[in-house]
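With compact mmCIF, C-alpha atoms and all ligand atoms inside, this is start-v3.txt:
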```txt
# COMPACT_ATOMS: atom_id res chain seq x y z
CA MET F 1 -22.24 39.40 63.29
CA GLN F 2 -24.16 36.21 62.55
CA THR F 3 -27.58 35.79 64.06
CA LYS F 4 -29.91 32.91 63.33
CA SER F 5 -33.31 31.92 64.62
CA PHE F 6 -33.36 28.94 66.94
CA ASP F 7 -33.86 25.58 65.37
CA ALA F 8 -33.69 22.40 67.39
CA GLU F 9 -31.80 20.43 64.72
CA THR F 10 -28.88 22.87 64.70
CA ALA F 11 -28.84 22.91 68.51
CA ARG F 12 -28.82 19.08 68.60
CA ARG F 13 -25.88 19.04 66.15
CA VAL F 14 -23.91 21.50 68.27
CA ILE F 15 -24.57 19.44 71.39
CA ALA F 16 -23.66 16.17 69.64
CA ASP F 17 -20.25 17.62 68.68
CA PHE F 18 -19.32 17.62 72.36
CA ALA F 19 -20.75 14.24 73.35
CA GLY F 20 -18.47 12.60 75.89
CA THR F 21 -16.15 15.61 76.13
CA PRO F 22 -15.17 16.36 79.74
CA GLY F 23 -15.90 19.94 80.78
CA ALA F 24 -18.11 20.40 77.74
CA LEU F 25 -20.41 23.15 79.07
CA LEU F 26 -18.33 26.22 78.19
CA PRO F 27 -17.16 25.02 74.76
CA MET F 28 -20.72 23.89 74.00
CA LEU F 29 -22.10 27.32 74.92
CA HIS F 30 -19.48 29.05 72.77
CA ALA F 31 -20.35 26.78 69.85
CA MET F 32 -24.05 27.48 70.40
CA GLN F 33 -23.36 31.22 70.33
CA ASP F 34 -21.27 30.79 67.17
CA ALA F 35 -24.19 28.94 65.55
CA PHE F 36 -26.97 31.35 66.57
CA GLY F 37 -25.21 34.62 67.48
CA HIS F 38 -26.56 34.20 71.02
CA ILE F 39 -27.63 31.41 73.39
CA PRO F 40 -31.28 30.74 72.52
CA GLU F 41 -33.36 30.06 75.62
CA PRO F 42 -34.76 26.75 74.27
CA ALA F 43 -31.18 25.47 73.95
CA GLU F 44 -30.58 25.68 77.70
CA PRO F 45 -32.74 22.67 78.72
CA MET F 46 -31.32 20.67 75.79
CA ILE F 47 -27.77 21.35 77.03
CA ALA F 48 -28.77 20.56 80.62
CA GLU F 49 -30.22 17.21 79.59
CA ALA F 50 -27.22 16.31 77.44
CA LEU F 51 -24.76 17.08 80.25
CA ASN F 52 -26.98 15.68 83.02
CA ILE F 53 -26.92 18.94 84.95
CA SER F 54 -29.75 21.24 85.96
CA ARG F 55 -31.16 23.90 83.70
CA ALA F 56 -30.39 26.39 86.50
CA GLU F 57 -26.69 25.50 86.26
CA VAL F 58 -26.67 26.13 82.52
CA HIS F 59 -28.60 29.37 82.95
CA GLY F 60 -26.26 30.46 85.74
CA VAL F 61 -23.22 30.07 83.48
CA VAL F 62 -24.91 31.84 80.57
CA THR F 63 -25.82 34.82 82.74
CA PHE F 64 -22.50 34.91 84.64
CA TYR F 65 -20.19 35.36 81.67
CA HIS F 66 -20.44 38.67 79.81
CA ASP F 67 -19.39 36.97 76.57
CA PHE F 68 -22.64 35.00 76.32
CA ARG F 69 -25.55 36.85 74.79
CA ARG F 70 -29.15 36.00 75.57
CA GLU F 71 -30.47 38.08 72.69
CA PRO F 72 -29.15 38.39 69.14
CA ALA F 73 -26.57 41.15 68.76
CA GLY F 74 -26.79 44.02 66.31
CA ARG F 75 -24.94 43.90 63.00
CA HIS F 76 -21.95 45.54 64.69
CA VAL F 77 -20.73 45.09 68.23
CA ILE F 78 -18.79 47.84 69.98
CA LYS F 79 -17.19 46.82 73.26
CA LEU F 80 -15.88 49.56 75.53
CA CYS F 81 -13.49 48.55 78.28
CA GLN F 82 -14.79 49.62 81.68
CA ALA F 83 -12.08 48.10 83.87
CA GLU F 84 -9.73 49.95 86.22
CA ALA F 85 -6.96 51.20 83.92
CA CYS F 86 -9.47 52.42 81.38
CA GLN F 87 -11.47 54.10 84.14
CA ALA F 88 -8.33 56.04 85.06
CA THR F 89 -8.07 57.32 81.49
CA GLY F 90 -11.66 58.36 80.95
CA CYS F 91 -13.63 55.37 79.72
CA GLU F 92 -16.73 56.29 81.69
CA ALA F 93 -17.20 59.60 79.87
CA LEU F 94 -16.67 57.79 76.55
CA ALA F 95 -19.24 55.15 77.50
CA ALA F 96 -21.73 57.88 78.41
CA ARG F 97 -21.07 59.58 75.07
CA ALA F 98 -21.62 56.31 73.16
CA GLU F 99 -24.83 55.60 75.09
CA GLN F 100 -26.12 59.09 74.40
CA LYS F 101 -25.26 59.02 70.69
CA LEU F 102 -26.73 55.56 70.12
CA GLY F 103 -29.70 56.07 72.43
CA VAL F 104 -28.99 52.83 74.27
CA ALA F 105 -27.59 51.73 77.61
CA MET F 106 -24.59 49.43 77.89
CA GLY F 107 -25.63 45.90 76.95
CA GLU F 108 -28.36 47.07 74.58
CA THR F 109 -28.79 47.15 70.81
CA SER F 110 -29.84 50.25 68.88
CA ALA F 111 -33.47 50.32 67.75
CA ASP F 112 -32.43 49.91 64.11
CA GLY F 113 -30.51 46.71 64.99
CA ARG F 114 -27.22 48.08 63.70
CA VAL F 115 -25.13 48.44 66.84
CA THR F 116 -24.82 46.59 70.12
CA LEU F 117 -22.90 48.44 72.83
CA GLU F 118 -21.26 46.22 75.43
CA PRO F 119 -18.94 46.68 78.38
CA VAL F 120 -15.83 44.55 78.53
CA TYR F 121 -13.48 44.17 81.47
CA CYS F 122 -9.87 44.51 80.32
CA LEU F 123 -8.76 43.86 76.78
CA GLY F 124 -5.12 43.55 77.84
CA LEU F 125 -4.39 47.03 76.49
CA CYS F 126 -4.13 48.86 79.79
CA SER F 127 -0.93 50.68 78.77
CA VAL F 128 -2.71 52.20 75.76
CA SER F 129 -6.08 52.76 77.42
CA PRO F 130 -8.89 53.59 77.06
CA ALA F 131 -9.44 50.54 74.89
CA ALA F 132 -12.32 49.36 72.75
CA MET F 133 -13.18 46.71 70.21
CA ILE F 134 -15.43 46.88 67.17
CA ASP F 135 -16.44 43.58 65.56
CA GLY F 136 -13.32 41.97 67.04
CA ARG F 137 -10.92 44.74 65.95
CA ILE F 138 -8.97 46.39 68.76
CA VAL F 139 -8.87 50.18 69.16
CA ALA F 140 -6.33 51.71 71.56
CA ARG F 141 -6.10 55.21 73.05
CA LEU F 142 -9.78 55.79 72.43
CA ASP F 143 -10.83 59.43 72.53
CA LYS F 144 -13.95 61.34 71.50
CA GLY F 145 -12.83 61.58 67.88
CA LYS F 146 -12.02 57.87 67.57
CA LEU F 147 -15.24 56.96 69.33
CA ASP F 148 -17.31 59.11 66.99
CA ALA F 149 -15.56 57.48 64.02
CA LEU F 150 -16.36 54.01 65.42
CA LEU F 151 -20.00 54.97 65.93
CA ALA F 152 -20.20 56.32 62.39
CA GLU F 153 -18.57 53.14 61.01
CA ALA F 154 -21.00 50.95 62.93
CA SER F 155 -24.02 52.96 61.83
CA ARG F 156 -23.37 52.45 58.12
S1 LIG A 1 -8.41 47.95 81.88
FE1 LIG A 1 -9.04 48.45 79.87
S2 LIG A 1 -7.64 47.35 78.64
FE2 LIG A 1 -7.09 46.79 80.65
```
Translate this structure into structure tokens?
Ligand code: FES
Amino acid sequence: MQTKSFDAETARRVIADFAGTPGALLPMLHAMQDAFGHIPEPAEPMIAEALNISRAEVHGVVTFYHDFRREPAGRHVIKLCQAEACQATGCEALAARAEQKLGVAMGETSADGRVTLEPVYCLGLCSVSPAAMIDGRIVARLDKGKLDALLAEASR
């Protein structure tokens, strides 16, 4: 997972890539997250100015979508589906187990910076739920054993 400290020049370059593009806010935010590993707070007013919208609008979009991070992620990101089908097959107990083992709540990063634990709402794998994702790799039929293996993999 790439994380990079904010620098205005990189942010300006990202913004310039979308100059004149209709509906540029979401793609610009995704590109910003690709560049920095999260949406740095100083980038929000720069985006607002470039798109001639309010900073509150930019901030509202950043905080509305779960995919946008406001802080850098850990080296590994484990996403546990918490949507309906996965709830029916035990995702809540698995999430509690992951939180307990990592010592973090959902949405947080372990103190050593290795693992970020995030909820996700349907990975399109409802028929093989509970579902999870580690660093973009899908895991189906998650159980305690698979979860423990994921946590061990992410802690290396
Ligand atoms: S509800 Fe979890 S994959 Fe669809």
Under the rule of at most 7 Å, produce a per-residue listing of chain F near ligand LIG 1 (chain A): chain, number, name, the closest pair of atoms, and the distance in Å, as a Markdown table, using only C-alpha atoms and all ligand atoms.
```
| residue | atom | partner | partner_atom | distance |
| --- | --- | --- | --- | --- |
| F:Cys81 | CA | A:LIG1 | FE1 | 4.7 |
| F:Gln82 | CA | A:LIG1 | FE1 | 6.1 |
| F:Ala83 | CA | A:LIG1 | S1 | 4.2 |
| F:Glu84 | CA | A:LIG1 | S1 | 5.0 |
| F:Ala85 | CA | A:LIG1 | S1 | 4.1 |
| F:Cys86 | CA | A:LIG1 | FE1 | 4.3 |
| F:Tyr121 | CA | A:LIG1 | S1 | 6.3 |
| F:Cys122 | CA | A:LIG1 | FE2 | 3.6 |
| F:Leu123 | CA | A:LIG1 | S2 | 4.1 |
| F:Gly124 | CA | A:LIG1 | S2 | 4.6 |
| F:Leu125 | CA | A:LIG1 | S2 | 3.9 |
| F:Cys126 | CA | A:LIG1 | FE2 | 3.7 |
| F:Ser129 | CA | A:LIG1 | S2 | 5.8 |
| F:Pro130 | CA | A:LIG1 | FE1 | 5.9 |
| F:Ala131 | CA | A:LIG1 | S2 | 5.2 |
```
Would you put the residues from that selection into a file with C-alpha atoms, as a PDB file, in the coordinates of the input?
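The resulting selection-v5.pdb:
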```pdb
ATOM      1  CA  CYS F  81     -13.490  48.550  78.280  1.00  0.00           C
ATOM      2  CA  GLN F  82     -14.790  49.620  81.680  1.00  0.00           C
ATOM      3  CA  ALA F  83     -12.080  48.100  83.870  1.00  0.00           C
ATOM      4  CA  GLU F  84      -9.730  49.950  86.220  1.00  0.00           C
ATOM      5  CA  ALA F  85      -6.960  51.200  83.920  1.00  0.00           C
ATOM      6  CA  CYS F  86      -9.470  52.420  81.380  1.00  0.00           C
ATOM      7  CA  TYR F 121     -13.480  44.170  81.470  1.00  0.00           C
ATOM      8  CA  CYS F 122      -9.870  44.510  80.320  1.00  0.00           C
ATOM      9  CA  LEU F 123      -8.760  43.860  76.780  1.00  0.00           C
ATOM     10  CA  GLY F 124      -5.120  43.550  77.840  1.00  0.00           C
ATOM     11  CA  LEU F 125      -4.390  47.030  76.490  1.00  0.00           C
ATOM     12  CA  CYS F 126      -4.130  48.860  79.790  1.00  0.00           C
ATOM     13  CA  SER F 129      -6.080  52.760  77.420  1.00  0.00           C
ATOM     14  CA  PRO F 130      -8.890  53.590  77.060  1.00  0.00           C
ATOM     15  CA  ALA F 131      -9.440  50.540  74.890  1.00  0.00           C
TER      16      ALA F 131
END
```
Please check which residues have atoms at most 9 Å from (-30.3, 29.0, 78.4) in the file's coordinates, counting only C-alpha atoms, and write them as a ChimeraX atom specification.
/F:39-48,55-56,58-63,70
Dump as a PDB file, in the coordinates of the input, selection limited to C-alpha atoms:
```pdb
ATOM      1  CA  ILE F  39     -27.630  31.410  73.390  1.00  0.00           C
ATOM      2  CA  PRO F  40     -31.280  30.740  72.520  1.00  0.00           C
ATOM      3  CA  GLU F  41     -33.360  30.060  75.620  1.00  0.00           C
ATOM      4  CA  PRO F  42     -34.760  26.750  74.270  1.00  0.00           C
ATOM      5  CA  ALA F  43     -31.180  25.470  73.950  1.00  0.00           C
ATOM      6  CA  GLU F  44     -30.580  25.680  77.700  1.00  0.00           C
ATOM      7  CA  PRO F  45     -32.740  22.670  78.720  1.00  0.00           C
ATOM      8  CA  MET F  46     -31.320  20.670  75.790  1.00  0.00           C
ATOM      9  CA  ILE F  47     -27.770  21.350  77.030  1.00  0.00           C
ATOM     10  CA  ALA F  48     -28.770  20.560  80.620  1.00  0.00           C
ATOM     11  CA  ARG F  55     -31.160  23.900  83.700  1.00  0.00           C
ATOM     12  CA  ALA F  56     -30.390  26.390  86.500  1.00  0.00           C
ATOM     13  CA  VAL F  58     -26.670  26.130  82.520  1.00  0.00           C
ATOM     14  CA  HIS F  59     -28.600  29.370  82.950  1.00  0.00           C
ATOM     15  CA  GLY F  60     -26.260  30.460  85.740  1.00  0.00           C
ATOM     16  CA  VAL F  61     -23.220  30.070  83.480  1.00  0.00           C
ATOM     17  CA  VAL F  62     -24.910  31.840  80.570  1.00  0.00           C
ATOM     18  CA  THR F  63     -25.820  34.820  82.740  1.00  0.00           C
ATOM     19  CA  ARG F  70     -29.150  36.000  75.570  1.00  0.00           C
TER      20      ARG F  70
END
```
Scan for residues within 9 Å of the point (-13.5, 48.2, 71.4) in the coordinates of the file, using only C-alpha atoms, and reply as a PyMOL selection string.
chain F and resi 77-81+118-120+123+131-140+142+150
Residues near His30 of chain F, cut-off 12 Å, only C-alpha atoms, skip fewer than 3 positions along chain, as a PyMOL selection string
chain F and resi 11+14-15+18+24-27+33-40+61-62+65-69
Need the shell around Arg97 of chain F: protein/DNA/RNA residues with any atom at most 12 Å away, counting all atoms listed in the file. Skip same-chain ones fewer than 2 positions apart. Format as a list in words?
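In the requested format, the answer is Leu80, Gly90, Cys91, Glu92, Ala93, Leu94, Ala95, Glu99, Gln100, Lys101, Leu102, Gly103, Val104, Ala105, Met106, Leu117, Asp143, Lys144, Gly145, Lys146, Leu147, Asp148 and Leu151 of chain F.
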Go ahead and save the residues from that selection, with C-alpha atoms, as a short mmCIF file (atom, residue, chain, number, x, y, z; two decimals), in the frame of the given file.
```cif
data_model
loop_
_atom_site.label_atom_id
_atom_site.label_comp_id
_atom_site.auth_asym_id
_atom_site.auth_seq_id
_atom_site.Cartn_x
_atom_site.Cartn_y
_atom_site.Cartn_z
CA LEU F 80 -15.88 49.56 75.53
CA GLY F 90 -11.66 58.36 80.95
CA CYS F 91 -13.63 55.37 79.72
CA GLU F 92 -16.73 56.29 81.69
CA ALA F 93 -17.20 59.60 79.87
CA LEU F 94 -16.67 57.79 76.55
CA ALA F 95 -19.24 55.15 77.50
CA GLU F 99 -24.83 55.60 75.09
CA GLN F 100 -26.12 59.09 74.40
CA LYS F 101 -25.26 59.02 70.69
CA LEU F 102 -26.73 55.56 70.12
CA GLY F 103 -29.70 56.07 72.43
CA VAL F 104 -28.99 52.83 74.27
CA ALA F 105 -27.59 51.73 77.61
CA MET F 106 -24.59 49.43 77.89
CA LEU F 117 -22.90 48.44 72.83
CA ASP F 143 -10.83 59.43 72.53
CA LYS F 144 -13.95 61.34 71.50
CA GLY F 145 -12.83 61.58 67.88
CA LYS F 146 -12.02 57.87 67.57
CA LEU F 147 -15.24 56.96 69.33
CA ASP F 148 -17.31 59.11 66.99
CA LEU F 151 -20.00 54.97 65.93
#
```
What's the separation between atom CA of Arg141 of chain F and atom CA of His76 of chain F, in Å to one decimal place?
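Computing the Euclidean distance for atom CA of Arg141 of chain F and atom CA of His76 of chain F yields 20.4 Å.
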Can you tell me how far atom CA of Gly107 of chain F sits from atom CA of Ala152 of chain F, in Å to one decimal?
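Those two atoms sit 18.7 Å apart.
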Here is a test: counting all atoms listed in the file, which residue of F:Ala96, F:Ala154, F:Pro22, F:Ala149 is nearest to Arg75 of chain F?
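Checking each of F:Ala96, F:Ala154, F:Pro22, F:Ala149 against Arg75 of chain F, counting all atoms listed in the file, the winner is F:Ala154.
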For atom CA of Gly74 of chain F and atom CA of Ala8 of chain F, quote the distance in Å rounded to one decimal.
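Distance reported for this atom pair: 22.7 Å.
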Give the padded box for segment 96-112 of chain F as AutoDock Vina command-line options: axis-aligned, covering all atoms listed in the file, 6 Å on each side, centre and edge lengths in Å to one decimal.
```
--center_x -27.3 --center_y 52.7 --center_z 71.3 --size_x 24.4 --size_y 25.7 --size_z 26.3
```
Just checking: using all atoms listed in the file, which residue out of F:Arg13, F:Glu57, F:Thr116, F:Ala88 ends up closest to Glu71 of chain F?
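Checking each candidate against Glu71 of chain F, we get F:Thr116 as the closest.
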Please determine, counting all atoms listed in the file, which residue among F:Met32, F:Ala111, F:Thr89, F:Ile53 has the shortest atom-to-atom distance to Thr10 of chain F.
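The answer is F:Met32, which sits nearest to Thr10 of chain F.
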When you get a chance, write out N, CA and C atoms for segment 64-84 of chain F, as a short mmCIF file (atom, residue, chain, number, x, y, z; two decimals), in the coordinates of the input.
```cif
data_model
loop_
_atom_site.label_atom_id
_atom_site.label_comp_id
_atom_site.auth_asym_id
_atom_site.auth_seq_id
_atom_site.Cartn_x
_atom_site.Cartn_y
_atom_site.Cartn_z
N PHE F 64 -23.70 34.46 83.91
CA PHE F 64 -22.50 34.91 84.64
C PHE F 64 -21.46 35.53 83.71
N TYR F 65 -21.25 34.90 82.57
CA TYR F 65 -20.19 35.36 81.67
C TYR F 65 -20.72 36.42 80.70
N HIS F 66 -20.02 37.57 80.68
CA HIS F 66 -20.44 38.67 79.81
C HIS F 66 -20.39 38.29 78.33
N ASP F 67 -19.55 37.31 77.99
CA ASP F 67 -19.39 36.97 76.57
C ASP F 67 -20.63 36.28 75.99
N PHE F 68 -21.45 35.70 76.85
CA PHE F 68 -22.64 35.00 76.32
C PHE F 68 -23.80 35.97 76.21
N ARG F 69 -24.40 35.98 75.04
CA ARG F 69 -25.55 36.85 74.79
C ARG F 69 -26.83 36.06 74.91
N ARG F 70 -27.86 36.67 75.48
CA ARG F 70 -29.15 36.00 75.57
C ARG F 70 -30.09 36.48 74.48
N GLU F 71 -29.69 37.54 73.82
CA GLU F 71 -30.47 38.08 72.69
C GLU F 71 -29.52 38.22 71.51
N PRO F 72 -30.04 38.17 70.29
CA PRO F 72 -29.15 38.39 69.14
C PRO F 72 -28.52 39.78 69.21
N ALA F 73 -27.26 39.86 68.77
CA ALA F 73 -26.57 41.15 68.76
C ALA F 73 -26.96 41.93 67.51
N GLY F 74 -26.61 43.22 67.50
CA GLY F 74 -26.79 44.02 66.31
C GLY F 74 -25.78 43.60 65.24
N ARG F 75 -25.87 44.26 64.08
CA ARG F 75 -24.94 43.90 63.00
C ARG F 75 -23.49 44.19 63.38
N HIS F 76 -23.28 45.21 64.19
CA HIS F 76 -21.95 45.54 64.69
C HIS F 76 -21.97 45.53 66.21
N VAL F 77 -20.85 45.10 66.78
CA VAL F 77 -20.73 45.09 68.23
C VAL F 77 -19.55 45.96 68.64
N ILE F 78 -19.84 46.99 69.42
CA ILE F 78 -18.79 47.84 69.98
C ILE F 78 -18.66 47.51 71.46
N LYS F 79 -17.45 47.12 71.85
CA LYS F 79 -17.19 46.82 73.26
C LYS F 79 -16.28 47.92 73.80
N LEU F 80 -16.70 48.53 74.90
CA LEU F 80 -15.88 49.56 75.53
C LEU F 80 -15.38 49.03 76.86
N CYS F 81 -14.06 49.05 77.03
CA CYS F 81 -13.49 48.55 78.28
C CYS F 81 -13.89 49.47 79.42
N GLN F 82 -14.36 48.86 80.50
CA GLN F 82 -14.79 49.62 81.68
C GLN F 82 -13.99 49.22 82.91
N ALA F 83 -12.87 48.55 82.72
CA ALA F 83 -12.08 48.10 83.87
C ALA F 83 -11.17 49.23 84.36
N GLU F 84 -10.41 48.92 85.42
CA GLU F 84 -9.73 49.95 86.22
C GLU F 84 -8.82 50.88 85.42
#
```
